[in-house]
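Participant: Mind having a look at this structure? Questions to follow.
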Amino acid sequence: MYRIHRQISCRLSSQLKKFGMCHSPSSQRADGRLVNPAGRKRHAVKFSSSSQVTTSNTKMVDSQYYLPNDIGISALGCTEAFRLLSSQEKMYAHYLSRASWYGGLAVLLQTSPESPTIFVLLQRIFRKQTPAQLEHVASAAGLSSEEYQAFLVYAAGFYANMGNYKSFGDTKFVPNLPKGKLDALVRASQAFQDEPEEMGALWDSCSCLIDSLKDKQKQLGLGDKGITTYFSGNCCLEDAELAQKFLDSKKLSAYNTRLFKRENGEKTCYEVRLASAVNKDCTTDGECESSCGCFDFEGKEFSVKRGDYATLMGRVCQYLKKAQAHAANENQKKMLEEYRRSFTFGSVEAHKEGSRYWIKDKGPIVESYIGFIESYRDPFGSRGEFEGFVAVVNKAMSERFTKLVSSAEVLLPELPWPREFEKDTFLKPDFTSLDVLTFAGSGIPAGINIPNYDDIRQSEGFKNVSLGNVLAVAYATQKEKLTFLEEEDKDLFIKWKSPSFEVQVGLHELLGHGSGKLFVQDDKGKFNFDQSKVTNPETGEQVSSWYQDSETWDSKFSIIASSYEECRAECVGLYLCLNKEVLSIFGHKGQDAEDVVYVNWLSMVRGGLLGLEFYTPENKNWRQAHMQARFVILRVLLEAGEGLVGLEEVTGTDGKPDARITIDRSKIHTVGKDAIHKFLRKLQVFKSTADVDKGKALYDGYSTVSESGTHNFLRLRETVLLRKEDRKIFVQANTRINEDSVELVEYEGSASGLIQSFTERFQDDKELEADLLELSKVDCSCWC
C-alpha cells in the first residue's frame, strides 16, 4: 500500500511541475480586478461601496464575483425516503450514486482550466484537517473569523458548482479575502506542512487563476466573450458552426464531444474528442463499428478521437456494472448495459438506446439518469455537461402529477397552435415527484424533462420529474429579503410561492417541453407532416421550411436553443395555469386558485427583472437560459400595455436605488393571456418549421437590454446587482456500505458540512486526484 501511494505521489509532483499554468504567486500580477463597472455614471445613479469588497490594500471586486458569508446553505433531506427502500434498492441507489459522483468530476474539466487543480488542492487541505481544526491554523496565520468563513464559503461554493464558475449565471467567483491571507492559510495548513513540494506545486499552478478577474475570465463564453473548455482557446463562433456542420454530415451528436483546433502548416485541423473510457480509435471488442477517423470537410481536416475523461468514464462504468447486479428488472439492466457501452466507447447512440429502456422503466422506486445531458453551459448550445442523479419516488406528491398526465390530452388542444403543429400522438410519460439522494454535476434543478433527444421525444416518449425535496428548501423566502415587490404583495407571495411554482414546474415540464412537433424530412425524402396541406398560421401560406434528417433542435438553433425552449415552456406554464381544471388537480380552488395564478404571474415578471443580473453589457451576452427567458416574457407583458405590468425605479428606504414591479390581477385572464397566446404561437411555429432567421430575430429582439425606451434596463440591472441575493447551496448526503447493508450519512446545512461531505465522498483517493491532474495537464496548452 505504501509503495502504491509513493508512486502516485512522485507521479503527481512531476505532473505539476510540467503544468506551466501560471507563474508563482510571488511574481507580479495583473489580474484585471477593477471597481464595479456598474459604478460608472448613468443618469446620476451610482452604487455605494456596499456592492464591493476589499480583497487587498488597493483592489476592489464587484460583489457578483464572490459568494457572501451569509449565503443560504441547506441540507437536502432524504432520510425518510431512503429508510423506506429495500436492501436491494439501497444497494442499487448506492452504486448509481457512486457512478454519478465520479462522472460528475468531469464537470471540473468542462468548466475551467484551473478547476481540477483547485479541487485537488481543497481535497488535500480538508482531508488532513476538518474546517474546525483548520480554523485554529487560520487564526494563527492572521485571518479574522470573517475571512476564514469567506474561505469556507468559497470552498463550499466550489464543490457545489463543481468548479469556480456559478452553475446558474456562469460568472466566476473568487475568494472573498485578501490574496496574501489566502496564501498564508494554504501554506500553514497541515497538508502543506506534510507535503510541501506537492502542495507548493498545486498552489503555484492555480493561485494566479483562482482570483484573477481579467475581462475574459469573468464569465464562461466562446472566443473573446469568456472562458470555455468545450473548445480550445483559439476557437471562435465560426469554428463551432463549421464543426456542427461536420458532425451533422457524419450523423454524430455533439453531446459528448469537445473541439480542439490547431494549425498544421497552412491547413487548419480540428480534433473532435469523444468522452469514453476506451482510448483506442479503432473498432474494439464489443463494438460493431467506430466513428473515429480522419476526414476532409470543406477544405479542413477533422479527426474524431476517443478518450476524453477516460479514467473518469472508466470509474463510471465500473459502478454501473455493480449497480446492474441489484437492478429491479430487465429494463434497468439493459438500460445500464447501454449506458456502460456509451461511456466505454463514446457512443451517443448507445446512450439513446439506454434512454429508450429508461423510458420503458415505468414507476421505479429508485429513479436515475446519467450522462452528458444539458447543453446550457456550452457557448454554442450543443455539448452536454455531465450529470447523474439518483432519487426516490415520493408517492403522495406524485399522485398530482399522474392526474396532470391523465389530463394532458384534454389540455394540449388549448395551446395556441393548430393541431398539425402538435405531436401526432401524446405518449403519456412517467411524471413523478422525487426526493433527491444524489445529484452530481454543477447544480440541482427543480424539475427535469428528459431525454433531450428529439427523435426519441417525438416518437417514443420521455419522462418528467419534479424534485420535491429541492423545491421544499430552494424557494423558501424571508420577507425582509424579498425585493422589488409592493409591501401588500409580499405576504401573499411568501404564502403561495411554493404552491404556484409546483404548478408552474408541472406544466413547464410536462406540457411545455413535452408539447409541439418538429417538421422533419428524413434521409429518404419522407416528411412527417403533409407538406401540401399544412399552413403556417403566422403567414397563411404553406409551410416551406423544416428539419433535415441529420438536424436537431439544438444543432439548428444552436446559441439561442436552450433559452428559447425554456421560454416556450415557461409560456405554456403561464398560459395553462389559468385553467381551473389544472389548478384543481393541484388542490387549488376558489380564491386560493386565483391567488396561485396571481403569484405565478407576479413571480414570472419579477423573475424577468431579477434576470438582469445574468446579462453582461460589455459583450451583450446572456449567461443563463432560464433568466433570459423570464426577461423576454417580462418584455412581452410590458409591451402588452393597458396597465398589465408596472415597472418603476424608486429610491429605497435605505436611500439607494430600488425598483417596484406589479401586475394587475384583473387583466391577467384577458390582456395577459392574449399577449402570451400570440407570442407562444410564434415561438412554436418558428420552432416547428426550423425557421431560425425569424425565430432568432424574435427572440433576440425581446432579449435586448438597453438604456433607451420606456424602461432603462441597463440602469435597472445596476439596481438588481445592488440588491441581489445569491442562490442557495445544497448539502447532499453520502451512502456507504457497512458489511452487507447500505447506510445513509447526512451532514449539517453549513459550509463545513458541505466540505465534509466531499472529503468523505472521495476519501484518500490520490490515484483519482493524479488522474484528474493528468487529464487537466494534457490540454493545458489549449486554453492559452
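For the C-alpha cells, the naming scheme is as follows: chains receive sequential letters (A, B, ...) according to their order of presentation, residues are indexed from 1 within each chain, and ligands are indexed from 1 in presentation order.
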Kindly provide the residues of region 149-172 of chain A that approach region 366-381 of chain A to within 12 Å, each paired with its closest atom pair and their distance in Å to one decimal, based on only C-alpha atoms, listed by chain and increasing number, as a Markdown table.
Facilitator:
```
| residue | atom | partner | partner_atom | distance |
| --- | --- | --- | --- | --- |
| A:Tyr165 | CA | A:Arg377 | CA | 10.5 |
| A:Lys166 | CA | A:Arg377 | CA | 10.4 |
| A:Ser167 | CA | A:Arg377 | CA | 8.1 |
| A:Phe168 | CA | A:Arg377 | CA | 9.3 |
| A:Gly169 | CA | A:Arg377 | CA | 9.2 |
| A:Asp170 | CA | A:Arg377 | CA | 7.5 |
| A:Thr171 | CA | A:Arg377 | CA | 11.1 |
```
Participant: For region 495-500 of chain A, please output as JSON, numbers by chain all residues within 7 Å (counting only C-alpha atoms; exclusion window: fewer than 6 positions along the same chain).
Facilitator: {"A": [475, 596, 599, 600]}
Participant: Would you mind exporting N, CA, C and O atoms of the selected residues as a PDB file, in the first residue's frame?
Facilitator:
```pdb
ATOM      1  N   TYR A 475     -36.955  27.388  -2.473  1.00  0.00           N
ATOM      2  CA  TYR A 475     -37.785  28.551  -2.744  1.00  0.00           C
ATOM      3  C   TYR A 475     -38.452  29.120  -1.502  1.00  0.00           C
ATOM      4  O   TYR A 475     -39.376  29.916  -1.592  1.00  0.00           O
ATOM      5  N   VAL A 596     -52.992  31.674  -6.503  1.00  0.00           N
ATOM      6  CA  VAL A 596     -51.909  30.896  -7.119  1.00  0.00           C
ATOM      7  C   VAL A 596     -51.580  31.453  -8.497  1.00  0.00           C
ATOM      8  O   VAL A 596     -50.404  31.620  -8.865  1.00  0.00           O
ATOM      9  N   VAL A 599     -49.807  34.945  -8.076  1.00  0.00           N
ATOM     10  CA  VAL A 599     -48.422  34.839  -7.615  1.00  0.00           C
ATOM     11  C   VAL A 599     -47.539  34.200  -8.686  1.00  0.00           C
ATOM     12  O   VAL A 599     -46.374  34.580  -8.847  1.00  0.00           O
ATOM     13  N   ASN A 600     -48.078  33.267  -9.452  1.00  0.00           N
ATOM     14  CA  ASN A 600     -47.290  32.656 -10.524  1.00  0.00           C
ATOM     15  C   ASN A 600     -46.896  33.694 -11.573  1.00  0.00           C
ATOM     16  O   ASN A 600     -45.740  33.764 -12.005  1.00  0.00           O
TER      17      ASN A 600
END
```
Participant: For Pro445 (chain A), find every residue with an atom within 9 Å (counting only C-alpha atoms), except residues of its own chain fewer than 2 positions away, and show them as a list in words.
Facilitator: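 Counting only C-alpha atoms, the residues come to Gly443, Gly447, Ile448, Ser466, Leu467, Val470 and Leu471 of chain A.
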Participant: Could the residues in this selection be saved with all heavy atoms as a compact mmCIF listing (two decimals), in the first residue's frame?
Facilitator:
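The new file result17.txt reads:
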```
# COMPACT_ATOMS: atom_id res chain seq x y z
N GLY A 443 -25.09 21.80 -10.66
CA GLY A 443 -26.20 22.39 -9.94
C GLY A 443 -27.39 21.46 -9.93
O GLY A 443 -27.41 20.45 -10.66
N GLY A 447 -36.93 20.75 -11.64
CA GLY A 447 -37.67 19.76 -12.43
C GLY A 447 -36.89 19.42 -13.69
O GLY A 447 -36.03 20.18 -14.12
N ILE A 448 -37.19 18.27 -14.26
CA ILE A 448 -36.45 17.81 -15.43
C ILE A 448 -37.41 17.14 -16.40
O ILE A 448 -38.33 16.43 -15.99
CB ILE A 448 -35.35 16.78 -15.06
CG1 ILE A 448 -34.57 17.22 -13.82
CG2 ILE A 448 -34.39 16.56 -16.22
CD1 ILE A 448 -33.64 16.16 -13.28
N SER A 466 -40.24 16.02 -10.91
CA SER A 466 -40.19 17.21 -10.07
C SER A 466 -39.41 16.82 -8.83
O SER A 466 -39.69 15.79 -8.21
CB SER A 466 -41.60 17.65 -9.70
OG SER A 466 -41.57 18.72 -8.78
N LEU A 467 -38.42 17.61 -8.48
CA LEU A 467 -37.54 17.25 -7.36
C LEU A 467 -38.07 17.89 -6.08
O LEU A 467 -37.78 19.04 -5.76
CB LEU A 467 -36.11 17.70 -7.68
CG LEU A 467 -35.57 17.12 -9.01
CD1 LEU A 467 -34.15 17.59 -9.27
CD2 LEU A 467 -35.64 15.59 -9.01
N VAL A 470 -35.92 19.38 -3.23
CA VAL A 470 -35.25 20.60 -3.69
C VAL A 470 -36.22 21.77 -3.60
O VAL A 470 -35.89 22.85 -3.09
CB VAL A 470 -34.73 20.43 -5.13
CG1 VAL A 470 -34.13 21.74 -5.65
CG2 VAL A 470 -33.70 19.31 -5.20
N LEU A 471 -37.43 21.57 -4.12
CA LEU A 471 -38.44 22.62 -4.08
C LEU A 471 -38.73 23.06 -2.65
O LEU A 471 -38.97 24.25 -2.39
CB LEU A 471 -39.73 22.13 -4.73
CG LEU A 471 -39.76 22.06 -6.26
CD1 LEU A 471 -40.99 21.30 -6.74
CD2 LEU A 471 -39.74 23.46 -6.86
```
Participant: Quick one: pull the distance between CA of Asp281 (chain A) and CA of Phe345 (chain A), Å, one decimal.
Facilitator: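 It comes out at 9.1 Å.
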Participant: Hey, which of A:Gly388, A:Gly672, A:Gly641, A:Gly749 ends up closest to Ala440 (chain A)? Count only C-alpha atoms.
Facilitator: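 So, comparing all the options, the nearest one is A:Gly388.
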Participant: Considering only C-alpha atoms, state which residue in the set A:Lys766, A:Lys526, A:Lys533, A:Lys777 is at the smallest distance from Arg127 (chain A).
Facilitator: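 Ranked by minimum distance to Arg127 (chain A), first place goes to A:Lys766.
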Participant: Using the chain letters and numbers from this document, which residues of region 561-771 of chain A does DSSP assign to alpha helix (DSSP H), as a ChimeraX atom specification?
Facilitator: /A:561-576,580-585,590-610,625-640,673-688,692-703,713-722,751-761,766-771
Participant: Keeping only C-alpha atoms, write the selected residues as a compact mmCIF listing (two decimals), in the first residue's frame.
Facilitator:
```
# COMPACT_ATOMS: atom_id res chain seq x y z
CA ALA A 561 -31.86 26.97 -28.49
CA SER A 562 -31.75 26.41 -24.71
CA SER A 563 -33.17 29.76 -23.66
CA TYR A 564 -35.75 29.85 -26.47
CA GLU A 565 -37.06 26.43 -25.41
CA GLU A 566 -37.12 27.39 -21.73
CA CYS A 567 -39.09 30.50 -22.69
CA ARG A 568 -41.59 28.41 -24.67
CA ALA A 569 -42.06 26.05 -21.71
CA GLU A 570 -42.45 28.94 -19.26
CA CYS A 571 -45.11 30.49 -21.51
CA VAL A 572 -47.00 27.19 -21.61
CA GLY A 573 -46.98 27.18 -17.80
CA LEU A 574 -48.33 30.74 -17.60
CA TYR A 575 -50.96 30.04 -20.25
CA LEU A 576 -52.31 26.77 -18.86
CA LYS A 580 -59.35 25.83 -13.43
CA GLU A 581 -59.05 22.09 -14.02
CA VAL A 582 -55.26 22.31 -13.78
CA LEU A 583 -55.49 24.26 -10.54
CA SER A 584 -57.95 21.77 -9.05
CA ILE A 585 -55.57 18.89 -9.83
CA GLY A 590 -61.85 29.45 -5.45
CA GLN A 591 -59.86 32.40 -4.09
CA ASP A 592 -56.85 30.19 -3.40
CA ALA A 593 -56.72 29.25 -7.07
CA GLU A 594 -56.85 32.91 -8.10
CA ASP A 595 -54.04 33.71 -5.66
CA VAL A 596 -51.91 30.90 -7.12
CA VAL A 597 -52.39 32.32 -10.62
CA TYR A 598 -51.60 35.84 -9.44
CA VAL A 599 -48.42 34.84 -7.62
CA ASN A 600 -47.29 32.66 -10.52
CA TRP A 601 -47.56 35.56 -12.98
CA LEU A 602 -46.10 38.02 -10.47
CA SER A 603 -43.21 35.65 -9.82
CA MET A 604 -42.55 35.41 -13.56
CA VAL A 605 -42.33 39.17 -14.17
CA ARG A 606 -40.24 39.63 -11.02
CA GLY A 607 -38.01 36.82 -12.31
CA GLY A 608 -37.62 38.75 -15.54
CA LEU A 609 -36.35 41.76 -13.61
CA LEU A 610 -34.04 39.58 -11.50
CA ALA A 625 -31.01 30.39 -20.24
CA HIS A 626 -33.94 30.46 -17.78
CA MET A 627 -33.33 34.02 -16.63
CA GLN A 628 -33.05 35.28 -20.19
CA ALA A 629 -36.35 33.52 -20.90
CA ARG A 630 -38.05 35.27 -17.99
CA PHE A 631 -36.71 38.67 -19.08
CA VAL A 632 -38.13 38.03 -22.55
CA ILE A 633 -41.53 37.25 -21.02
CA LEU A 634 -41.34 40.43 -18.93
CA ARG A 635 -40.71 42.41 -22.12
CA VAL A 636 -43.66 40.73 -23.87
CA LEU A 637 -46.02 41.52 -20.99
CA LEU A 638 -44.79 45.10 -20.67
CA GLU A 639 -45.35 45.53 -24.41
CA ALA A 640 -48.94 44.29 -23.99
CA LYS A 673 -53.46 35.69 -21.74
CA ASP A 674 -53.82 37.33 -25.17
CA ALA A 675 -50.19 38.52 -25.13
CA ILE A 676 -48.84 35.09 -24.19
CA HIS A 677 -51.17 33.45 -26.75
CA LYS A 678 -49.72 35.46 -29.63
CA PHE A 679 -46.10 35.18 -28.50
CA LEU A 680 -46.27 31.47 -27.68
CA ARG A 681 -47.75 30.68 -31.09
CA LYS A 682 -44.85 32.45 -32.79
CA LEU A 683 -42.33 30.54 -30.69
CA GLN A 684 -43.88 27.19 -31.59
CA VAL A 685 -44.35 27.92 -35.30
CA PHE A 686 -40.74 29.04 -35.77
CA LYS A 687 -39.55 26.00 -33.80
CA SER A 688 -41.70 23.52 -35.72
CA VAL A 692 -34.04 30.04 -37.49
CA ASP A 693 -33.97 33.51 -39.01
CA LYS A 694 -37.42 34.56 -37.80
CA GLY A 695 -37.05 32.75 -34.50
CA LYS A 696 -33.72 34.41 -33.77
CA ALA A 697 -34.96 37.85 -34.81
CA LEU A 698 -37.97 37.50 -32.49
CA TYR A 699 -36.02 36.17 -29.53
CA ASP A 700 -33.01 38.45 -29.86
CA GLY A 701 -35.33 41.43 -30.15
CA TYR A 702 -37.04 40.76 -26.82
CA SER A 703 -33.70 39.80 -25.23
CA PHE A 713 -32.91 48.22 -18.34
CA LEU A 714 -29.18 48.84 -18.11
CA ARG A 715 -29.74 51.13 -15.13
CA LEU A 716 -32.23 48.67 -13.65
CA ARG A 717 -29.56 45.99 -13.97
CA GLU A 718 -27.35 48.04 -11.63
CA THR A 719 -30.17 48.17 -9.11
CA VAL A 720 -30.71 44.40 -9.39
CA LEU A 721 -26.99 43.79 -8.78
CA LEU A 722 -27.06 46.12 -5.79
CA ALA A 751 -20.20 25.34 4.59
CA SER A 752 -18.38 22.95 6.93
CA GLY A 753 -20.99 20.25 6.38
CA LEU A 754 -20.74 20.55 2.62
CA ILE A 755 -16.94 20.39 2.73
CA GLN A 756 -17.04 17.31 4.94
CA SER A 757 -19.47 15.61 2.56
CA PHE A 758 -16.99 15.97 -0.30
CA THR A 759 -13.90 14.87 1.60
CA GLU A 760 -15.77 11.75 2.73
CA ARG A 761 -17.21 11.22 -0.76
CA LYS A 766 -4.69 10.02 -4.52
CA GLU A 767 -4.96 7.92 -7.64
CA LEU A 768 -8.16 9.73 -8.57
CA GLU A 769 -6.50 13.07 -7.90
CA ALA A 770 -3.49 12.11 -10.01
CA ASP A 771 -5.86 11.14 -12.82
```
Participant: Using only C-alpha atoms, find the one residue out of A:Ile456, A:Cys782, A:Ala275, A:Val392 that sits nearest to Ser232 (chain A).
Facilitator: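 Once distances to Ser232 (chain A) are computed over only C-alpha atoms, the minimum belongs to A:Cys782.
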Participant: Grab the CA of Phe260 (chain A) to CA of Glu298 (chain A) distance for me, in Å with one decimal place.
Facilitator: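 The value is 17.1 Å.
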Participant: Which of region 171-343 of chain A counts as strand (DSSP E or B) under DSSP, as a PyMOL selection string please?
Facilitator: chain A and resi 171-172+219-220+227+231+257-264+267-275+293-297+300-308
Participant: Report as a list in words all protein, DNA and RNA residues lying within 9 Å of region 359-365 of chain A, evaluated on only C-alpha atoms, omitting residues in the same chain fewer than 2 positions from it.
Facilitator: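 Counting only C-alpha atoms, the residues come to Leu85, Glu89, Ala328, Asn329, Glu330, Asn331, Gln332, Met335, Gly354, Ser355, Arg356, Tyr357, Glu367, Ala391, Val392, Val393, Asn394, Pro429, Asp430, Phe431, Thr432, Pro451, Glu460, Gly461, Phe462 and Lys463 of chain A.
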Participant: Rank A:Leu122, A:Ile73, A:Lys300, A:Glu613 by their smallest atom-to-atom distance to Phe762 (chain A), using only C-alpha atoms, and report the top residue only.
Facilitator: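 Between A:Leu122, A:Ile73, A:Lys300, A:Glu613, the residue approaching Phe762 (chain A) most closely is A:Leu122.
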Participant: Show me, as a VMD selection string, the residues that have an atom within 10 Å of Ser290 (chain A) when counting only C-alpha atoms, minus same-chain residues fewer than 2 positions from it.
Facilitator: chain A and resid 280 to 284 287 to 288 292 to 293 304 to 306 345 to 347
Participant: Looking at A:Asp239, A:Ser776, A:Ile737, A:Val278, which one is nearest to Ser87 (chain A), with distances taken over only C-alpha atoms?
Facilitator: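 Smallest separation from Ser87 (chain A) among the options: A:Ile737.
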Participant: Nearest to Arg273 (chain A): which of A:Lys656, A:Asn734, A:Arg383, A:Lys181 is it, counting only C-alpha atoms?
Facilitator: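 Smallest distance to Arg273 (chain A) is found for A:Arg383.
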